[in-house]
Amino acid sequence: MENTSPLAVALISGGLDSMVAAASMKAAGYRLLALSIDYNQRHQIELAAARRIATTLGAERHVVLPLDLRAFGGSALTAEIDVPKQGVGADIPITYVPARNTIFLSLSLGWAEAAGARDMVIGVNALDYSGYPDCRPEFVAAFEDMAALATKAGVEGDRFRVHAPLQHMSKADIVREGTRLGLDLGMSWSCYDPAPGGVHCGLCDSCRLRSKGFEEAGIPDPTRYAA
């Protein structure tokens with residue numbers, strides 16, 4: 001019998017947020033196509049986590065697409081720039097990768113249209129939103145409008161939807177939601193600057209936010225940190 005459940009392209013980086021966002025779509029009845037981008041990021045270890053997550057969530061297909069953003073640089077994740085370890089600041093951090101979510105959603109859109117999907121999911125959330133411009137609700141809404149103009153499906157009136165189910169959640173909320181969904185959160189990877197032995201550094205912004213999220217959620221943190 002043909003599966004009539006809707007199909008969604010899920011951006012799965014290997015991180016906690018993308019894992020929970022994709023799982024929430026699965027729980028809502030969507031079939032998943034998983035897309036991970038190998039942009040030659042400093043933390044390549046996250047791609048191994050993305051593969052584990054895509055398999056666990058039963059993605060019908062998982063594409064790891066090579067796109068070498070080190071050719072552009074401009075970020076501590078794609079250039080020889082030290083990852084900050086002094087704590088989370090108020091300004092847009094140097095770990096911001098220029099236009100990353102715009103690029104990644106554009107690739108998701110291309111696959112979605114080719115596959116006949118009209119839904120995409122991305123794990124942007126309120127904590128990133130304060131620092132990264134491409135995590136804001138305005139960005140997500142604007143991308144949907146752009147997709148309606150830029151695609152054959154869109155101009156024929158078949159709109160695409162960008163789901164951002166974690167948009168207004170704190171990291172603690174995300175940890176709680178992942179736990180509610182029965183996920184093994186320890187299989188996700190957050191660290192921007194992996195320590196020797198394949199463990200989280202414990203000091204970069206992403207590690208600090210992850211650790212704080214588990215602490216505030218009152219849920220044991222399965223993550224191994226170097227510091």
# chains A, B, ... in the order shown; residues from 1 in each chain; ligands from 1
$ select_by_dssp --residues "stretch 15-117 of chain A" --states "strand (DSSP E)" --output "compact mmCIF listing (two decimals) with C-alpha atoms, in the first residue's frame"
# COMPACT_ATOMS: atom_id res chain seq x y z
CA ARG A 31 8.23 10.98 6.32
CA LEU A 32 11.77 12.36 6.27
CA LEU A 33 14.43 13.05 3.71
CA ALA A 34 17.56 13.97 5.68
CA LEU A 35 20.02 16.55 4.35
CA SER A 36 23.40 17.22 5.94
CA ILE A 37 25.97 19.62 4.50
CA ASP A 38 29.66 18.79 4.59
CA ARG A 61 17.17 8.81 2.30
CA HIS A 62 20.11 10.70 3.79
CA VAL A 63 22.22 12.92 1.56
CA VAL A 64 25.51 14.31 2.88
CA LEU A 65 26.19 17.04 0.35
CA PRO A 66 29.76 18.40 -0.06
$ residues_around --residues "A:Leu7" --least-positions-apart "2" --cutoff "8 Å" --atoms "only C-alpha atoms" --output "ChimeraX atom specification"
/A:5,9,30-33,116-119
$ closest_residue --among "A:Pro165, A:Gly87, A:Pro222, A:Pro6" --to "A:Thr179" --atoms "only C-alpha atoms"
A:Pro222
$ select_by_dssp --residues "stretch 48-97 of chain A" --states "alpha helix (DSSP H)" --output "ChimeraX atom specification"
/A:48-56
$ residues_around --residues "A:Pro93" --least-positions-apart "2" --cutoff "12 Å" --atoms "only C-alpha atoms" --output "PyMOL selection string"
chain A and resi 74-77+81-91+95-98+128-133+204-206
$ closest_residue --among "A:Ala8, A:Ile122, A:Leu47, A:Leu105" --to "A:Ala28" --atoms "only C-alpha atoms"
A:Ala8
$ residues_around --residues "A:Ser188" --least-positions-apart "6" --cutoff "8 Å" --atoms "only C-alpha atoms" --output "list of chain:residue names"
A:Gly14, A:Gly15, A:Leu16, A:Met19, A:Glu46, A:Ala49, A:Ala50, A:Ile53
$ write_last_selection --atoms "all heavy atoms" --output "PDB file, in the first residue's frame"
ATOM      1  N   GLY A  14      23.578  17.168  12.851  1.00  0.00           N
ATOM      2  CA  GLY A  14      24.206  16.318  13.854  1.00  0.00           C
ATOM      3  C   GLY A  14      24.055  16.911  15.239  1.00  0.00           C
ATOM      4  O   GLY A  14      24.352  16.265  16.238  1.00  0.00           O
ATOM      5  N   GLY A  15      23.584  18.157  15.315  1.00  0.00           N
ATOM      6  CA  GLY A  15      23.424  18.833  16.587  1.00  0.00           C
ATOM      7  C   GLY A  15      22.117  18.490  17.291  1.00  0.00           C
ATOM      8  O   GLY A  15      21.208  17.878  16.711  1.00  0.00           O
ATOM      9  N   LEU A  16      22.030  18.917  18.523  1.00  0.00           N
ATOM     10  CA  LEU A  16      20.852  18.655  19.352  1.00  0.00           C
ATOM     11  C   LEU A  16      19.597  19.270  18.746  1.00  0.00           C
ATOM     12  O   LEU A  16      18.538  18.628  18.674  1.00  0.00           O
ATOM     13  CB  LEU A  16      21.106  19.222  20.756  1.00  0.00           C
ATOM     14  CG  LEU A  16      19.979  19.121  21.773  1.00  0.00           C
ATOM     15  CD1 LEU A  16      19.674  17.664  22.101  1.00  0.00           C
ATOM     16  CD2 LEU A  16      20.363  19.872  23.046  1.00  0.00           C
ATOM     17  N   MET A  19      18.299  17.600  15.536  1.00  0.00           N
ATOM     18  CA  MET A  19      17.798  16.265  15.883  1.00  0.00           C
ATOM     19  C   MET A  19      16.380  16.344  16.433  1.00  0.00           C
ATOM     20  O   MET A  19      15.484  15.608  15.994  1.00  0.00           O
ATOM     21  CB  MET A  19      18.727  15.634  16.925  1.00  0.00           C
ATOM     22  CG  MET A  19      18.300  14.266  17.418  1.00  0.00           C
ATOM     23  SD  MET A  19      19.351  13.745  18.798  1.00  0.00           S
ATOM     24  CE  MET A  19      18.889  12.035  18.949  1.00  0.00           C
ATOM     25  N   GLU A  46      30.560  16.187  13.601  1.00  0.00           N
ATOM     26  CA  GLU A  46      29.102  16.289  13.677  1.00  0.00           C
ATOM     27  C   GLU A  46      28.426  15.503  12.557  1.00  0.00           C
ATOM     28  O   GLU A  46      27.270  15.100  12.687  1.00  0.00           O
ATOM     29  CB  GLU A  46      28.640  17.745  13.667  1.00  0.00           C
ATOM     30  CG  GLU A  46      28.753  18.457  12.339  1.00  0.00           C
ATOM     31  CD  GLU A  46      28.100  19.838  12.334  1.00  0.00           C
ATOM     32  OE1 GLU A  46      27.505  20.216  13.364  1.00  0.00           O
ATOM     33  OE2 GLU A  46      28.192  20.531  11.303  1.00  0.00           O
ATOM     34  N   ALA A  49      27.527  12.125  13.674  1.00  0.00           N
ATOM     35  CA  ALA A  49      26.311  12.201  14.486  1.00  0.00           C
ATOM     36  C   ALA A  49      25.085  12.342  13.591  1.00  0.00           C
ATOM     37  O   ALA A  49      24.033  11.739  13.852  1.00  0.00           O
ATOM     38  CB  ALA A  49      26.409  13.375  15.455  1.00  0.00           C
ATOM     39  N   ALA A  50      25.197  13.123  12.524  1.00  0.00           N
ATOM     40  CA  ALA A  50      24.073  13.298  11.599  1.00  0.00           C
ATOM     41  C   ALA A  50      23.667  11.968  10.978  1.00  0.00           C
ATOM     42  O   ALA A  50      22.469  11.680  10.813  1.00  0.00           O
ATOM     43  CB  ALA A  50      24.446  14.304  10.512  1.00  0.00           C
ATOM     44  N   ILE A  53      21.761   9.962  13.558  1.00  0.00           N
ATOM     45  CA  ILE A  53      20.428  10.531  13.787  1.00  0.00           C
ATOM     46  C   ILE A  53      19.489  10.197  12.632  1.00  0.00           C
ATOM     47  O   ILE A  53      18.339   9.798  12.849  1.00  0.00           O
ATOM     48  CB  ILE A  53      20.536  12.051  14.007  1.00  0.00           C
ATOM     49  CG1 ILE A  53      21.243  12.342  15.334  1.00  0.00           C
ATOM     50  CG2 ILE A  53      19.159  12.706  13.975  1.00  0.00           C
ATOM     51  CD1 ILE A  53      21.709  13.778  15.490  1.00  0.00           C
TER      52      ILE A  53
END
$ atom_distance --atom1 "atom CA of A:Gly123" --atom2 "atom CA of A:Asp17"
5.0 Å
$ residues_around --residues "A:Val162" --least-positions-apart "4" --cutoff "8 Å" --atoms "only C-alpha atoms" --output "ChimeraX atom specification"
/A:119-122,140-141,143-144
$ write_last_selection --atoms "all heavy atoms" --output "PDB file, in the first residue's frame"
ATOM      1  N   ASP A 119       7.447  20.575   2.350  1.00  0.00           N
ATOM      2  CA  ASP A 119       7.779  20.943   3.727  1.00  0.00           C
ATOM      3  C   ASP A 119       9.269  20.754   3.974  1.00  0.00           C
ATOM      4  O   ASP A 119       9.872  19.784   3.505  1.00  0.00           O
ATOM      5  CB  ASP A 119       6.978  20.088   4.716  1.00  0.00           C
ATOM      6  CG  ASP A 119       5.487  20.332   4.618  1.00  0.00           C
ATOM      7  OD1 ASP A 119       5.006  21.247   5.303  1.00  0.00           O
ATOM      8  OD2 ASP A 119       4.816  19.623   3.843  1.00  0.00           O
ATOM      9  N   MET A 120       9.838  21.704   4.720  1.00  0.00           N
ATOM     10  CA  MET A 120      11.221  21.618   5.158  1.00  0.00           C
ATOM     11  C   MET A 120      11.248  21.908   6.653  1.00  0.00           C
ATOM     12  O   MET A 120      10.382  22.606   7.174  1.00  0.00           O
ATOM     13  CB  MET A 120      12.080  22.643   4.414  1.00  0.00           C
ATOM     14  CG  MET A 120      12.164  22.419   2.915  1.00  0.00           C
ATOM     15  SD  MET A 120      12.859  23.858   2.049  1.00  0.00           S
ATOM     16  CE  MET A 120      11.419  24.907   1.984  1.00  0.00           C
ATOM     17  N   VAL A 121      12.243  21.368   7.343  1.00  0.00           N
ATOM     18  CA  VAL A 121      12.358  21.627   8.779  1.00  0.00           C
ATOM     19  C   VAL A 121      13.797  21.988   9.112  1.00  0.00           C
ATOM     20  O   VAL A 121      14.746  21.400   8.598  1.00  0.00           O
ATOM     21  CB  VAL A 121      11.866  20.423   9.620  1.00  0.00           C
ATOM     22  CG1 VAL A 121      12.666  19.164   9.329  1.00  0.00           C
ATOM     23  CG2 VAL A 121      11.899  20.761  11.109  1.00  0.00           C
ATOM     24  N   ILE A 122      13.934  22.995   9.964  1.00  0.00           N
ATOM     25  CA  ILE A 122      15.249  23.481  10.388  1.00  0.00           C
ATOM     26  C   ILE A 122      15.195  23.742  11.891  1.00  0.00           C
ATOM     27  O   ILE A 122      14.168  24.174  12.425  1.00  0.00           O
ATOM     28  CB  ILE A 122      15.638  24.753   9.599  1.00  0.00           C
ATOM     29  CG1 ILE A 122      17.066  25.194   9.934  1.00  0.00           C
ATOM     30  CG2 ILE A 122      14.641  25.883   9.817  1.00  0.00           C
ATOM     31  CD1 ILE A 122      17.605  26.286   9.005  1.00  0.00           C
ATOM     32  N   VAL A 140      12.785  33.175   8.508  1.00  0.00           N
ATOM     33  CA  VAL A 140      12.051  31.980   8.097  1.00  0.00           C
ATOM     34  C   VAL A 140      10.859  32.370   7.223  1.00  0.00           C
ATOM     35  O   VAL A 140      10.615  31.777   6.157  1.00  0.00           O
ATOM     36  CB  VAL A 140      11.599  31.165   9.321  1.00  0.00           C
ATOM     37  CG1 VAL A 140      10.683  30.028   8.905  1.00  0.00           C
ATOM     38  CG2 VAL A 140      12.815  30.618  10.075  1.00  0.00           C
ATOM     39  N   ALA A 141      10.108  33.392   7.649  1.00  0.00           N
ATOM     40  CA  ALA A 141       8.945  33.846   6.875  1.00  0.00           C
ATOM     41  C   ALA A 141       9.367  34.389   5.516  1.00  0.00           C
ATOM     42  O   ALA A 141       8.715  34.122   4.490  1.00  0.00           O
ATOM     43  CB  ALA A 141       8.184  34.914   7.660  1.00  0.00           C
ATOM     44  N   PHE A 143      12.015  33.562   3.812  1.00  0.00           N
ATOM     45  CA  PHE A 143      12.461  32.472   2.952  1.00  0.00           C
ATOM     46  C   PHE A 143      11.267  31.773   2.303  1.00  0.00           C
ATOM     47  O   PHE A 143      11.306  31.424   1.123  1.00  0.00           O
ATOM     48  CB  PHE A 143      13.312  31.458   3.718  1.00  0.00           C
ATOM     49  CG  PHE A 143      13.999  30.475   2.806  1.00  0.00           C
ATOM     50  CD1 PHE A 143      15.272  30.727   2.346  1.00  0.00           C
ATOM     51  CD2 PHE A 143      13.348  29.323   2.390  1.00  0.00           C
ATOM     52  CE1 PHE A 143      15.896  29.849   1.463  1.00  0.00           C
ATOM     53  CE2 PHE A 143      13.954  28.437   1.508  1.00  0.00           C
ATOM     54  CZ  PHE A 143      15.228  28.694   1.050  1.00  0.00           C
ATOM     55  N   GLU A 144      10.205  31.583   3.072  1.00  0.00           N
ATOM     56  CA  GLU A 144       8.994  30.990   2.499  1.00  0.00           C
ATOM     57  C   GLU A 144       8.460  31.842   1.339  1.00  0.00           C
ATOM     58  O   GLU A 144       8.057  31.315   0.300  1.00  0.00           O
ATOM     59  CB  GLU A 144       7.918  30.833   3.566  1.00  0.00           C
ATOM     60  CG  GLU A 144       8.155  29.690   4.539  1.00  0.00           C
ATOM     61  CD  GLU A 144       6.972  29.489   5.470  1.00  0.00           C
ATOM     62  OE1 GLU A 144       6.161  30.433   5.634  1.00  0.00           O
ATOM     63  OE2 GLU A 144       6.849  28.382   6.040  1.00  0.00           O
TER      64      GLU A 144
END
$ residues_around --residues "A:Thr78" --least-positions-apart "3" --cutoff "7 Å" --atoms "only C-alpha atoms" --output "PyMOL selection string"
chain A and resi 40-42+69-70+73-75
$ residues_around --residues "A:Glu113" --least-positions-apart "3" --cutoff "9 Å" --atoms "only C-alpha atoms" --output "number ranges by chain"
A: 108-110, 116-118, 151-153, 160
$ write_last_selection --atoms "N, CA, C and O atoms" --output "PDB file, in the first residue's frame"
ATOM      1  N   SER A 108      17.886  22.666   0.571  1.00  0.00           N
ATOM      2  CA  SER A 108      16.705  21.904   0.996  1.00  0.00           C
ATOM      3  C   SER A 108      15.543  22.139   0.043  1.00  0.00           C
ATOM      4  O   SER A 108      14.806  21.209  -0.318  1.00  0.00           O
ATOM      5  N   LEU A 109      15.369  23.389  -0.356  1.00  0.00           N
ATOM      6  CA  LEU A 109      14.285  23.747  -1.263  1.00  0.00           C
ATOM      7  C   LEU A 109      14.440  23.039  -2.602  1.00  0.00           C
ATOM      8  O   LEU A 109      13.467  22.517  -3.172  1.00  0.00           O
ATOM      9  N   GLY A 110      15.678  23.001  -3.120  1.00  0.00           N
ATOM     10  CA  GLY A 110      15.916  22.324  -4.385  1.00  0.00           C
ATOM     11  C   GLY A 110      15.559  20.847  -4.316  1.00  0.00           C
ATOM     12  O   GLY A 110      14.924  20.303  -5.230  1.00  0.00           O
ATOM     13  N   GLY A 116       9.137  16.308  -4.708  1.00  0.00           N
ATOM     14  CA  GLY A 116       7.699  16.474  -4.549  1.00  0.00           C
ATOM     15  C   GLY A 116       7.284  16.800  -3.128  1.00  0.00           C
ATOM     16  O   GLY A 116       6.100  16.723  -2.784  1.00  0.00           O
ATOM     17  N   ALA A 117       8.240  17.174  -2.285  1.00  0.00           N
ATOM     18  CA  ALA A 117       7.929  17.584  -0.907  1.00  0.00           C
ATOM     19  C   ALA A 117       7.622  19.076  -0.883  1.00  0.00           C
ATOM     20  O   ALA A 117       8.157  19.840  -1.695  1.00  0.00           O
ATOM     21  N   ARG A 118       6.783  19.481   0.026  1.00  0.00           N
ATOM     22  CA  ARG A 118       6.472  20.905   0.167  1.00  0.00           C
ATOM     23  C   ARG A 118       6.785  21.412   1.568  1.00  0.00           C
ATOM     24  O   ARG A 118       6.438  22.531   1.921  1.00  0.00           O
ATOM     25  N   THR A 151      10.443  29.112  -7.407  1.00  0.00           N
ATOM     26  CA  THR A 151      10.269  27.725  -7.823  1.00  0.00           C
ATOM     27  C   THR A 151       9.072  27.563  -8.762  1.00  0.00           C
ATOM     28  O   THR A 151       8.126  28.352  -8.715  1.00  0.00           O
ATOM     29  N   LYS A 152       9.121  26.531  -9.573  1.00  0.00           N
ATOM     30  CA  LYS A 152       7.989  26.193 -10.449  1.00  0.00           C
ATOM     31  C   LYS A 152       6.747  25.905  -9.606  1.00  0.00           C
ATOM     32  O   LYS A 152       5.656  26.400  -9.903  1.00  0.00           O
ATOM     33  N   ALA A 153       6.937  25.104  -8.545  1.00  0.00           N
ATOM     34  CA  ALA A 153       5.799  24.781  -7.681  1.00  0.00           C
ATOM     35  C   ALA A 153       5.208  26.043  -7.066  1.00  0.00           C
ATOM     36  O   ALA A 153       3.981  26.210  -6.997  1.00  0.00           O
ATOM     37  N   PHE A 160       5.681  26.288  -0.422  1.00  0.00           N
ATOM     38  CA  PHE A 160       6.540  25.526   0.477  1.00  0.00           C
ATOM     39  C   PHE A 160       6.402  26.083   1.888  1.00  0.00           C
ATOM     40  O   PHE A 160       6.178  27.281   2.081  1.00  0.00           O
TER      41      PHE A 160
END
$ atom_distance --atom1 "atom CA of A:Pro220" --atom2 "atom CA of A:Lys26"
24.6 Å
$ closest_residue --among "A:Ala226, A:Ala172, A:Ala23, A:Met146" --to "A:Asp193" --atoms "only C-alpha atoms"
A:Ala226
$ atom_distance --atom1 "atom CA of A:Arg176" --atom2 "atom CA of A:Ile219"
7.8 Å
$ closest_residue --among "A:Leu67, A:Ala227, A:Ala115, A:Leu209" --to "A:Val175" --atoms "only C-alpha atoms"
A:Leu209
